[in-house]
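Colleague: Quick one: this structure, given as structure tokens, is what I'll be asking you about.
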Amino acid sequence: MKQRQKVKDKIVWTLDLIEEIDRVPETYLQHMQDGLYEVRVNLASDIFRIFCFFDQEKLIVLANGFQKKSQKTPKQEIEKALKIKKEYEDERK
């Protein structure tokens, strides 16, 4: 992961929070579509998103991440995450 240490620390803090609490606020984790979720990391004016999904409700699988530079989440990033999710699920069968 090629990010500044502060960004890395905030990402780890956010993932720890998601792991530890039962009801995660949408500020940190939001459902997107088809079982795909978006981990939301904000640090000052920088916005980062990491797509993930659950494996049997116990394991979070991180798919892909990017730095968000516009209001709308890029469609190609969502498509990439859905492709990773499908490949993962196909391998698990």
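In the structure tokens, each chain is lettered A, B, ... as it comes, each chain's residues begin at 1, and ligands are numbered from 1 in order of appearance.
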Using DSSP on the backbone coordinates, identify the residues of chain A assigned to helix (DSSP H, G or I); present them as a PyMOL selection string.

Modeller: chain A and resi 5-20+75-92

Colleague: Could the residues in this selection be written to a file with N, CA and C atoms, as an mmCIF file, in the first residue's frame?

Modeller:
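To be explicit, this is the file written out as part.cif:
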data_model
loop_
_atom_site.group_PDB
_atom_site.id
_atom_site.type_symbol
_atom_site.label_atom_id
_atom_site.label_comp_id
_atom_site.auth_asym_id
_atom_site.auth_seq_id
_atom_site.Cartn_x
_atom_site.Cartn_y
_atom_site.Cartn_z
ATOM 1 N N GLN A 5 1.994 7.457 6.022
ATOM 2 C CA GLN A 5 1.792 6.696 7.251
ATOM 3 C C GLN A 5 0.489 7.090 7.953
ATOM 4 N N LYS A 6 0.144 8.370 7.948
ATOM 5 C CA LYS A 6 -1.107 8.812 8.592
ATOM 6 C C LYS A 6 -2.327 8.169 7.924
ATOM 7 N N VAL A 7 -2.268 8.049 6.601
ATOM 8 C CA VAL A 7 -3.370 7.423 5.859
ATOM 9 C C VAL A 7 -3.436 5.941 6.210
ATOM 10 N N LYS A 8 -2.294 5.273 6.213
ATOM 11 C CA LYS A 8 -2.251 3.855 6.574
ATOM 12 C C LYS A 8 -2.822 3.647 7.974
ATOM 13 N N ASP A 9 -2.421 4.495 8.910
ATOM 14 C CA ASP A 9 -2.911 4.382 10.292
ATOM 15 C C ASP A 9 -4.423 4.552 10.352
ATOM 16 N N LYS A 10 -4.960 5.489 9.594
ATOM 17 C CA LYS A 10 -6.414 5.733 9.599
ATOM 18 C C LYS A 10 -7.156 4.552 8.970
ATOM 19 N N ILE A 11 -6.587 3.968 7.917
ATOM 20 C CA ILE A 11 -7.213 2.797 7.293
ATOM 21 C C ILE A 11 -7.249 1.641 8.285
ATOM 22 N N VAL A 12 -6.142 1.383 8.958
ATOM 23 C CA VAL A 12 -6.083 0.305 9.957
ATOM 24 C C VAL A 12 -7.065 0.597 11.090
ATOM 25 N N TRP A 13 -7.132 1.843 11.552
ATOM 26 C CA TRP A 13 -8.059 2.227 12.629
ATOM 27 C C TRP A 13 -9.504 1.948 12.199
ATOM 28 N N THR A 14 -9.837 2.308 10.966
ATOM 29 C CA THR A 14 -11.197 2.105 10.455
ATOM 30 C C THR A 14 -11.526 0.619 10.353
ATOM 31 N N LEU A 15 -10.594 -0.179 9.836
ATOM 32 C CA LEU A 15 -10.830 -1.623 9.731
ATOM 33 C C LEU A 15 -10.970 -2.262 11.112
ATOM 34 N N ASP A 16 -10.175 -1.811 12.079
ATOM 35 C CA ASP A 16 -10.306 -2.304 13.457
ATOM 36 C C ASP A 16 -11.683 -1.970 14.023
ATOM 37 N N LEU A 17 -12.144 -0.753 13.768
ATOM 38 C CA LEU A 17 -13.458 -0.326 14.247
ATOM 39 C C LEU A 17 -14.552 -1.222 13.672
ATOM 40 N N ILE A 18 -14.479 -1.480 12.371
ATOM 41 C CA ILE A 18 -15.472 -2.332 11.708
ATOM 42 C C ILE A 18 -15.463 -3.728 12.326
ATOM 43 N N GLU A 19 -14.291 -4.223 12.659
ATOM 44 C CA GLU A 19 -14.162 -5.558 13.244
ATOM 45 C C GLU A 19 -14.722 -5.616 14.662
ATOM 46 N N GLU A 20 -14.588 -4.534 15.404
ATOM 47 C CA GLU A 20 -14.909 -4.558 16.831
ATOM 48 C C GLU A 20 -16.359 -4.245 17.181
ATOM 49 N N LYS A 75 -17.515 4.337 -11.723
ATOM 50 C CA LYS A 75 -18.184 3.092 -12.091
ATOM 51 C C LYS A 75 -17.181 1.964 -12.320
ATOM 52 N N GLN A 76 -16.026 2.288 -12.915
ATOM 53 C CA GLN A 76 -15.034 1.246 -13.198
ATOM 54 C C GLN A 76 -14.471 0.654 -11.913
ATOM 55 N N GLU A 77 -14.423 1.421 -10.835
ATOM 56 C CA GLU A 77 -13.950 0.895 -9.546
ATOM 57 C C GLU A 77 -14.965 -0.091 -8.964
ATOM 58 N N ILE A 78 -16.252 0.232 -9.096
ATOM 59 C CA ILE A 78 -17.304 -0.672 -8.631
ATOM 60 C C ILE A 78 -17.273 -1.961 -9.450
ATOM 61 N N GLU A 79 -17.153 -1.823 -10.763
ATOM 62 C CA GLU A 79 -17.102 -3.004 -11.636
ATOM 63 C C GLU A 79 -15.899 -3.885 -11.313
ATOM 64 N N LYS A 80 -14.762 -3.258 -11.040
ATOM 65 C CA LYS A 80 -13.554 -4.006 -10.679
ATOM 66 C C LYS A 80 -13.775 -4.789 -9.384
ATOM 67 N N ALA A 81 -14.390 -4.145 -8.397
ATOM 68 C CA ALA A 81 -14.660 -4.806 -7.123
ATOM 69 C C ALA A 81 -15.645 -5.963 -7.290
ATOM 70 N N LEU A 82 -16.669 -5.770 -8.084
ATOM 71 C CA LEU A 82 -17.640 -6.841 -8.320
ATOM 72 C C LEU A 82 -16.991 -8.027 -9.035
ATOM 73 N N LYS A 83 -16.058 -7.745 -9.938
ATOM 74 C CA LYS A 83 -15.334 -8.807 -10.637
ATOM 75 C C LYS A 83 -14.471 -9.594 -9.645
ATOM 76 N N ILE A 84 -13.779 -8.894 -8.753
ATOM 77 C CA ILE A 84 -12.955 -9.554 -7.733
ATOM 78 C C ILE A 84 -13.835 -10.414 -6.828
ATOM 79 N N LYS A 85 -15.000 -9.883 -6.446
ATOM 80 C CA LYS A 85 -15.935 -10.621 -5.592
ATOM 81 C C LYS A 85 -16.401 -11.903 -6.282
ATOM 82 N N LYS A 86 -16.753 -11.797 -7.558
ATOM 83 C CA LYS A 86 -17.220 -12.973 -8.298
ATOM 84 C C LYS A 86 -16.110 -14.017 -8.417
ATOM 85 N N GLU A 87 -14.900 -13.588 -8.730
ATOM 86 C CA GLU A 87 -13.767 -14.523 -8.834
ATOM 87 C C GLU A 87 -13.528 -15.225 -7.493
ATOM 88 N N TYR A 88 -13.614 -14.481 -6.405
ATOM 89 C CA TYR A 88 -13.435 -15.059 -5.071
ATOM 90 C C TYR A 88 -14.508 -16.113 -4.795
ATOM 91 N N GLU A 89 -15.754 -15.752 -5.068
ATOM 92 C CA GLU A 89 -16.868 -16.671 -4.816
ATOM 93 C C GLU A 89 -16.774 -17.920 -5.704
ATOM 94 N N ASP A 90 -16.369 -17.746 -6.950
ATOM 95 C CA ASP A 90 -16.214 -18.894 -7.851
ATOM 96 C C ASP A 90 -15.125 -19.842 -7.351
ATOM 97 N N GLU A 91 -14.045 -19.276 -6.820
ATOM 98 C CA GLU A 91 -12.957 -20.109 -6.287
ATOM 99 C C GLU A 91 -13.378 -20.869 -5.035
ATOM 100 N N ARG A 92 -14.265 -20.281 -4.260
ATOM 101 C CA ARG A 92 -14.715 -20.904 -2.996
ATOM 102 C C ARG A 92 -15.637 -22.086 -3.230
#

Colleague: Determine which residues of range 31-85 of chain A DSSP labels as strand (DSSP E) from the backbone of this structure, then write them out as a PyMOL selection string.

Modeller: chain A and resi 31-33+36-43+46-55+59-68

Colleague: Take the residues from that selection and write them out as a compact mmCIF listing (two decimals), in the first residue's frame, keeping C-alpha atoms.

Modeller:
# COMPACT_ATOMS: atom_id res chain seq x y z
CA HIS A 31 -23.56 -1.09 1.41
CA MET A 32 -23.20 -0.39 -2.29
CA GLN A 33 -24.83 -3.21 -4.28
CA LEU A 36 -20.46 -5.14 -2.02
CA TYR A 37 -19.57 -2.67 0.71
CA GLU A 38 -17.46 0.45 0.76
CA VAL A 39 -15.08 1.14 3.66
CA ARG A 40 -14.97 4.90 3.99
CA VAL A 41 -11.78 6.56 5.21
CA ASN A 42 -11.51 10.33 5.53
CA LEU A 43 -8.35 12.10 6.63
CA ASP A 46 -8.35 13.28 1.58
CA ILE A 47 -11.04 10.67 0.94
CA PHE A 48 -10.24 7.01 0.43
CA ARG A 49 -12.55 4.11 -0.37
CA ILE A 50 -11.90 0.38 -0.11
CA PHE A 51 -14.42 -2.06 -1.50
CA CYS A 52 -15.01 -5.23 0.45
CA PHE A 53 -17.47 -8.07 0.91
CA PHE A 54 -18.21 -10.67 3.55
CA ASP A 55 -17.41 -14.37 3.44
CA LEU A 59 -14.52 -12.59 7.22
CA ILE A 60 -14.18 -9.28 5.41
CA VAL A 61 -12.45 -9.67 2.06
CA LEU A 62 -10.87 -6.44 0.82
CA ALA A 63 -11.20 -6.11 -2.93
CA ASN A 64 -9.75 -2.83 -4.22
CA GLY A 65 -9.24 0.70 -3.03
CA PHE A 66 -8.75 4.15 -4.46
CA GLN A 67 -8.49 7.79 -3.51
CA LYS A 68 -11.78 9.49 -4.19
